[in-house]
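The block underneath contains the structure these notes are about, expressed in structure tokens.
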Amino acid sequence: MSAVSSSNGSTKDNLTKSGFSRRSWLRGAGIGTGVVGTGVLEQEAEAQQAKVMSGEVEISLDINGRKRPVKVEPRTTLLDALRNRLDLTGAKRVCDRATCGACTVIVGGKVVYGCTMLAVDAAGKSIQTIEGIAPEGQLHPVSQAFVNNDAQQCGYCTPGFVMAAKGFLDKNQNPTEAQVDKAMAGNICRCGTYVGVRKAVLEAAKRGGSNA
Amino acid sequence: MLEYKWPPMNKRKVMGTRLSRLDGAAKSSGRAKYPSDLNPPGLLHAVLLVSPHAHAKIRSIDTAPAKSMPGVAAVRTFVQAGAEIQWANAEIAIVAANTEEQARDAVRAIKIDYEVLPHVVREENLAKAGTRAKAAGEVIVGDPDKALQDAEVVLQGEYGIPVITHCCLEPHGQTIEWKGETINFWPSTQAVSTVANQLATIINVPAASINVTCDYMGGGFGSKFPPDSWGAESAKLSKDAGGRPVKLFLDRATELTIAGVRPSHFLKVKVGAKKDGSITAWQSDSWSSGGFGGGGMAPLPYVYANIPNRRLNHAAVSLNAGPQRAWRAPNHPQASYLTTAAMTDLAAKLGLDPYDVFHKNANLTLREAVYKSQLEKAAKMIDWKAKYHAPGEGKGTVRSGVGIGVATWGGAGHASKCKVTLHPDGSVEVEIGSQDIGTGTRTCITMVAAETLGLPMSAIRVKIGKNAYPASGPSGGSTTIGGVSTSTRKAAVNALNKLFEKVAPSLGVPADDLEALDSRIQVKGNPNKALSWRQAAQKMGPSPIEEMGENVPAQAPREGLNTLGVAGVQMAEVEVDTETGIVKMRKLVAVQDCGLVVNPKTAESQVFGACIMSICAALFEERVMDAVTGKVLNPDMEFYKLAGLPDIGQIEVQMDITPEHDARGIIGLGEPCAIGGIGAIANAVHNAIGVRLPVIPATPDKVLNAIGNRRYA
């Protein structure tokens, strides 16, 4: 086993600084001497042949306005941290490769795929998930528009679509249909709810965008 | 004898209205908990080890290194030394650990020694299939030889449609715990009432010890009926780990390789006809593969089934590739595409408009008048007469074209039992061991109960998604809506009749003079002689009224609540950039025959969704096998492409919601609308560029190859 220490003091110091890089964090975390300076893929390749790297550190994620302590590994994606470690399961794991958008969250005001950002890279940034866009018992106007227009069937892709739509409408109050099509192109639905999605996003825009 | 038949169309207050689905808010807020979202205390995460080889014998398996890895709670194997693996990504072993990362590490530590064997993974060239092709026998009707000899025109065509995958967004899997004598099982399933019995048989426990719960599920399309090997092994992992719950959902690559595919279908065909377009003969040799078990013949010739002279031969090709599962309207989309492509090409050979050929030959279908009327409606919707041109005719680099597809399906209700409980406080429970796979089942059951009991939707509490409720069939074959609506109707009528008996003395009339309307029990036609629902409920005393209702498929035709048999016509308009080969959808129109429609809003969503699935299959979807490695080359969502919102163009749906259709009773809708679109789009591409793609989907490479072959042939 190569050593990944979660009790390394310098790790915590690093985490409190904004803008640290994954690589410097990996070094700070004391990842095995045999793999210093290499990326995660190389480490995994090496792990397959020689030794397996595994270990957790505690970081703090700023999720929906709350600081949430969470133990993650260097390789843990933001999505897996949310779903497996924080029980925030609105974001779904579908393609796990930045294609389908089911894991869409908003980080630092930007719409991102949670499956393709490491949890450690999200530390220090403001993370908004579908659980945080409306108070308990209430429905966000974009979610409501999805209900009104039956823009969901099995519903597994829906939270990702809602977050992508919200992120888009936050910056585009009065979009055309063509702009909506383009903005939603990063999300995939297998049941085929796009006709409803198109209407829902346009309706949400008409009703005052995502902040109605 | 109680009267169960549906209230007249113009008297209905809830059924037939465009209600938003009841679980829409839970889904669009992310609060709905799918089986893959469950994180019960003590949860172990499981990861599969799968075969890297398409065909191999296992010499040895050593799981010991995995067992000693950090966080690992249990390890099991699916196969033993000596077992033969028949496709890549077949299940070998499974590890449960405290974290998913730890389970992944442990899986990599398992040592397997494989003896790699030769594989066959491609079937498009039958001549190369050798002993892997098994003839399925010959069907002869009439005298095809003579009919082809006498035919004024004979079209010869070759067509193919590849294997596609279900690509459910929630992968196959489950959360499960085996604690003592109880197994709590949360599968992502289309079959809450049957999956426990199957699991019980595999793991040898009494079915009564298994509690199934599936409140939501993220897509199945026919692939999520069984408990699956990984469900059974996850249960055993939980037992091995002292009853800690275990969660296993396939990763995307595994989902796309072993969790179900739709079989391919290839066809060499001769179609004989008169100069006026009347079809007289069909002779086809077809083959298909849905993996190691081969593939059955699609229902050919499709819809135009009564061509008087026919000879059909089929071969099933066994491949070292993941197994087929039912795929929304099994074998119909393939049959529809192959048949309508041949008919369209026949029209081209005759110099006729394919619309006229489809219309003229409607006498060869089982429902001539319906298909003719649907063809006429669809042609109007897409403006066929203005848009159709001779194949390939046009100017400029971007060419447009139109095409036709057809469909047929049964859709009678499955066996279903329902329990309706009327409580003395006025509350109402409806319990059915069914599931909502995204079709709106939960909403429709509630609508039927509300309609029958004269109550608002909010007064009804519908409970589905558990095997603890009365058994109802799996959601497959468009059988759910007819089944659950009928059982709910009958249970609600039975319960209401019991309530009438309790209330009748207070209103001074016989029970059968009462009706339930607008949250009251009243003397028929007299709102002044009434009790509120709450007052009426109090008359039942302390015990609730509990009544069952059942849909028995053999009785259903007599009762008339649900029936079967629908037709459908779809027409597409595409544009093809002849320089890039990119095909764009302009428009897809669907004219969909139906019966009584419980909720037009969710029903239309089914048709829109099916149209979009057809666009996916016609333009994008193809499982690509690598002949050298035997692996799937595109087991991801980047290269296994599905349509996105910018790809769908405009879609128009016309449902035949009329008193005449309504009188037939409920007919399932999920499959029939998912059949005709592929042919419509492929035929539109042919119309645009004047040349037939030998195999779809109409991806740019195939389009450019086809155009190139035409130019330089």
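Labels used: A, B, ... for chains in the order of the structure tokens, numbers from 1 for residues in each chain, and numbers from 1 for ligands as shown.
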Restrict the calculation to only C-alpha atoms, then for each residue of chain B with any atom at most 8 Å from an atom of chain A give the closest atom pair and their distance in Å to one decimal, rows by chain and rising residue number, as CSV.
residue,atom,partner,partner_atom,distance
B:Ser20,CA,A:Asn148,CA,6.1
B:Arg21,CA,A:Asp150,CA,7.2
B:Gly24,CA,A:Val147,CA,5.1
B:Ala25,CA,A:Val147,CA,6.2
B:Lys27,CA,A:Gly155,CA,5.5
B:Ser28,CA,A:Ser143,CA,5.1
B:Ser29,CA,A:Ser143,CA,6.0
B:Gly30,CA,A:Gly90,CA,4.1
B:Arg31,CA,A:Gly90,CA,6.5
B:Ala32,CA,A:Gly90,CA,7.9
B:Lys33,CA,A:Thr89,CA,7.7
B:Asp37,CA,A:Thr89,CA,5.5
B:Asn39,CA,A:Asp87,CA,6.7
B:Glu101,CA,A:Ser54,CA,7.7
B:Gln102,CA,A:Ser54,CA,7.0
B:Asp105,CA,A:Val52,CA,6.4
B:Arg108,CA,A:Gln48,CA,6.4
B:Ala109,CA,A:Gln48,CA,7.6
B:Cys167,CA,A:Arg190,CA,7.4
B:Cys168,CA,A:Arg190,CA,6.8
B:Leu169,CA,A:Val94,CA,5.5
B:Glu170,CA,A:Val94,CA,6.4
B:Pro171,CA,A:Val94,CA,7.3
B:Tyr216,CA,A:Cys154,CA,7.5
B:Met217,CA,A:Cys154,CA,6.4
B:Gly218,CA,A:Tyr156,CA,5.0
B:Gly219,CA,A:Cys154,CA,5.5
B:Arg252,CA,A:Cys95,CA,5.7
B:Asp436,CA,A:Cys154,CA,7.9
B:Ile437,CA,A:Cys154,CA,5.7
B:Gly438,CA,A:Cys154,CA,3.7
B:Thr439,CA,A:Gln153,CA,6.1
B:Gly440,CA,A:Gln153,CA,7.4
B:Lys601,CA,A:Asp150,CA,7.4
B:Thr602,CA,A:Asp150,CA,7.1
B:Ser605,CA,A:Thr193,CA,7.0
B:Phe608,CA,A:Gly192,CA,6.8
B:Gly609,CA,A:Gly192,CA,3.9
B:Ala610,CA,A:Gly192,CA,6.8
B:Cys611,CA,A:Gly192,CA,7.8
B:Ile612,CA,A:Gly192,CA,5.3
B:Met613,CA,A:Gly192,CA,6.2
B:Asp636,CA,A:Cys95,CA,6.5
B:Met637,CA,A:Cys95,CA,5.9
B:Glu638,CA,A:Thr99,CA,5.9
B:Leu642,CA,A:Ile188,CA,7.3
B:Ala643,CA,A:Ile188,CA,7.4
B:Gly644,CA,A:Ala185,CA,5.5
B:Leu645,CA,A:Asp181,CA,5.4
B:Pro646,CA,A:Asp181,CA,5.0
B:Ile651,CA,A:Val195,CA,7.7
Same residues, C-alpha atoms, saved as a CSV table (one decimal), in the first residue's frame:
chain,number,residue,atom,x,y,z
B,20,SER,CA,-49.9,16.6,-14.8
B,21,ARG,CA,-48.3,13.5,-13.4
B,24,GLY,CA,-43.7,15.1,-11.3
B,25,ALA,CA,-42.8,17.4,-8.5
B,27,LYS,CA,-38.9,13.9,-9.8
B,28,SER,CA,-38.2,17.4,-11.0
B,29,SER,CA,-37.0,18.5,-7.5
B,30,GLY,CA,-34.6,15.6,-7.2
B,31,ARG,CA,-36.5,14.4,-4.1
B,32,ALA,CA,-37.7,11.1,-5.7
B,33,LYS,CA,-35.6,8.3,-4.4
B,37,ASP,CA,-30.3,6.7,-4.6
B,39,ASN,CA,-28.1,4.9,1.2
B,101,GLU,CA,-13.4,3.2,-4.4
B,102,GLN,CA,-12.3,0.4,-2.1
B,105,ASP,CA,-9.5,-1.5,-5.9
B,108,ARG,CA,-8.6,-5.2,-9.6
B,109,ALA,CA,-6.7,-7.5,-7.1
B,167,CYS,CA,-29.1,2.3,-22.5
B,168,CYS,CA,-31.4,2.8,-19.4
B,169,LEU,CA,-30.2,6.0,-17.7
B,170,GLU,CA,-30.5,4.3,-14.3
B,171,PRO,CA,-28.4,1.3,-14.8
B,216,TYR,CA,-39.3,5.0,-8.9
B,217,MET,CA,-37.2,3.5,-11.6
B,218,GLY,CA,-35.0,5.1,-14.1
B,219,GLY,CA,-36.0,3.5,-17.4
B,252,ARG,CA,-22.1,2.5,-17.9
B,436,ASP,CA,-44.6,3.4,-12.7
B,437,ILE,CA,-41.8,3.1,-15.3
B,438,GLY,CA,-42.3,6.7,-16.4
B,439,THR,CA,-45.5,6.1,-18.3
B,440,GLY,CA,-47.7,7.8,-15.7
B,601,LYS,CA,-51.1,14.5,-21.4
B,602,THR,CA,-49.1,11.5,-20.3
B,605,SER,CA,-45.7,12.1,-23.9
B,608,PHE,CA,-43.5,12.1,-28.4
B,609,GLY,CA,-40.9,9.9,-26.5
B,610,ALA,CA,-41.4,7.0,-28.9
B,611,CYS,CA,-40.9,9.4,-31.9
B,612,ILE,CA,-37.6,10.6,-30.3
B,613,MET,CA,-36.5,7.0,-29.7
B,636,ASP,CA,-20.4,4.8,-23.4
B,637,MET,CA,-22.7,7.7,-24.2
B,638,GLU,CA,-20.2,9.6,-26.2
B,642,LEU,CA,-28.6,9.2,-28.6
B,643,ALA,CA,-30.4,12.2,-29.9
B,644,GLY,CA,-30.3,15.5,-28.0
B,645,LEU,CA,-32.8,18.3,-28.0
B,646,PRO,CA,-31.3,20.0,-31.1
B,651,ILE,CA,-42.7,16.6,-33.8
Near Gly160 (chain B), within 6 Å and counting only C-alpha atoms, which residues show up once chain neighbours fewer than 4 positions away are dropped, as an NGL selection string? :B and (265-266 or 695)
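Straight-line separation from CA of Val212 (chain B) to CA of Ile92 (chain B): 25.9 Å.
In this model, the gap between CA of Leu199 (chain B) and CA of Ser229 (chain B) comes to 9.1 Å.
Shortest atom-to-atom contact with Arg68 (chain A) among A:Leu169, A:Ala164, A:Ala123, A:Ala204: A:Ala123, counting only C-alpha atoms.
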Selection near Glu621 (chain B), 8 Å with only C-alpha atoms, sequence-local residues under 5 positions removed, as a PyMOL selection string: chain B and resi 164+616+640-642+697
Please, could you write that set of residues out with N, CA and C atoms as a JSON list (two decimals), in the first residue's frame?
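Listed below is the output, again-v7.json:
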[["chain", "number", "residue", "atom", "x", "y", "z"],
["B", 164, "ILE", "N", -29.00, -2.52, -31.17],
["B", 164, "ILE", "CA", -28.92, -1.32, -30.34],
["B", 164, "ILE", "C", -29.14, -1.73, -28.88],
["B", 616, "CYS", "N", -33.47, 8.46, -32.60],
["B", 616, "CYS", "CA", -32.19, 7.92, -32.09],
["B", 616, "CYS", "C", -31.77, 6.71, -32.92],
["B", 640, "TYR", "N", -21.77, 5.84, -28.18],
["B", 640, "TYR", "CA", -23.09, 5.23, -28.39],
["B", 640, "TYR", "C", -24.05, 6.40, -28.33],
["B", 641, "LYS", "N", -24.40, 6.92, -29.48],
["B", 641, "LYS", "CA", -25.05, 8.22, -29.51],
["B", 641, "LYS", "C", -26.57, 8.12, -29.39],
["B", 642, "LEU", "N", -27.12, 9.05, -28.64],
["B", 642, "LEU", "CA", -28.57, 9.24, -28.59],
["B", 642, "LEU", "C", -28.85, 10.67, -29.03],
["B", 697, "PRO", "N", -27.96, 2.97, -38.75],
["B", 697, "PRO", "CA", -28.50, 4.33, -38.80],
["B", 697, "PRO", "C", -27.85, 5.18, -39.89]]
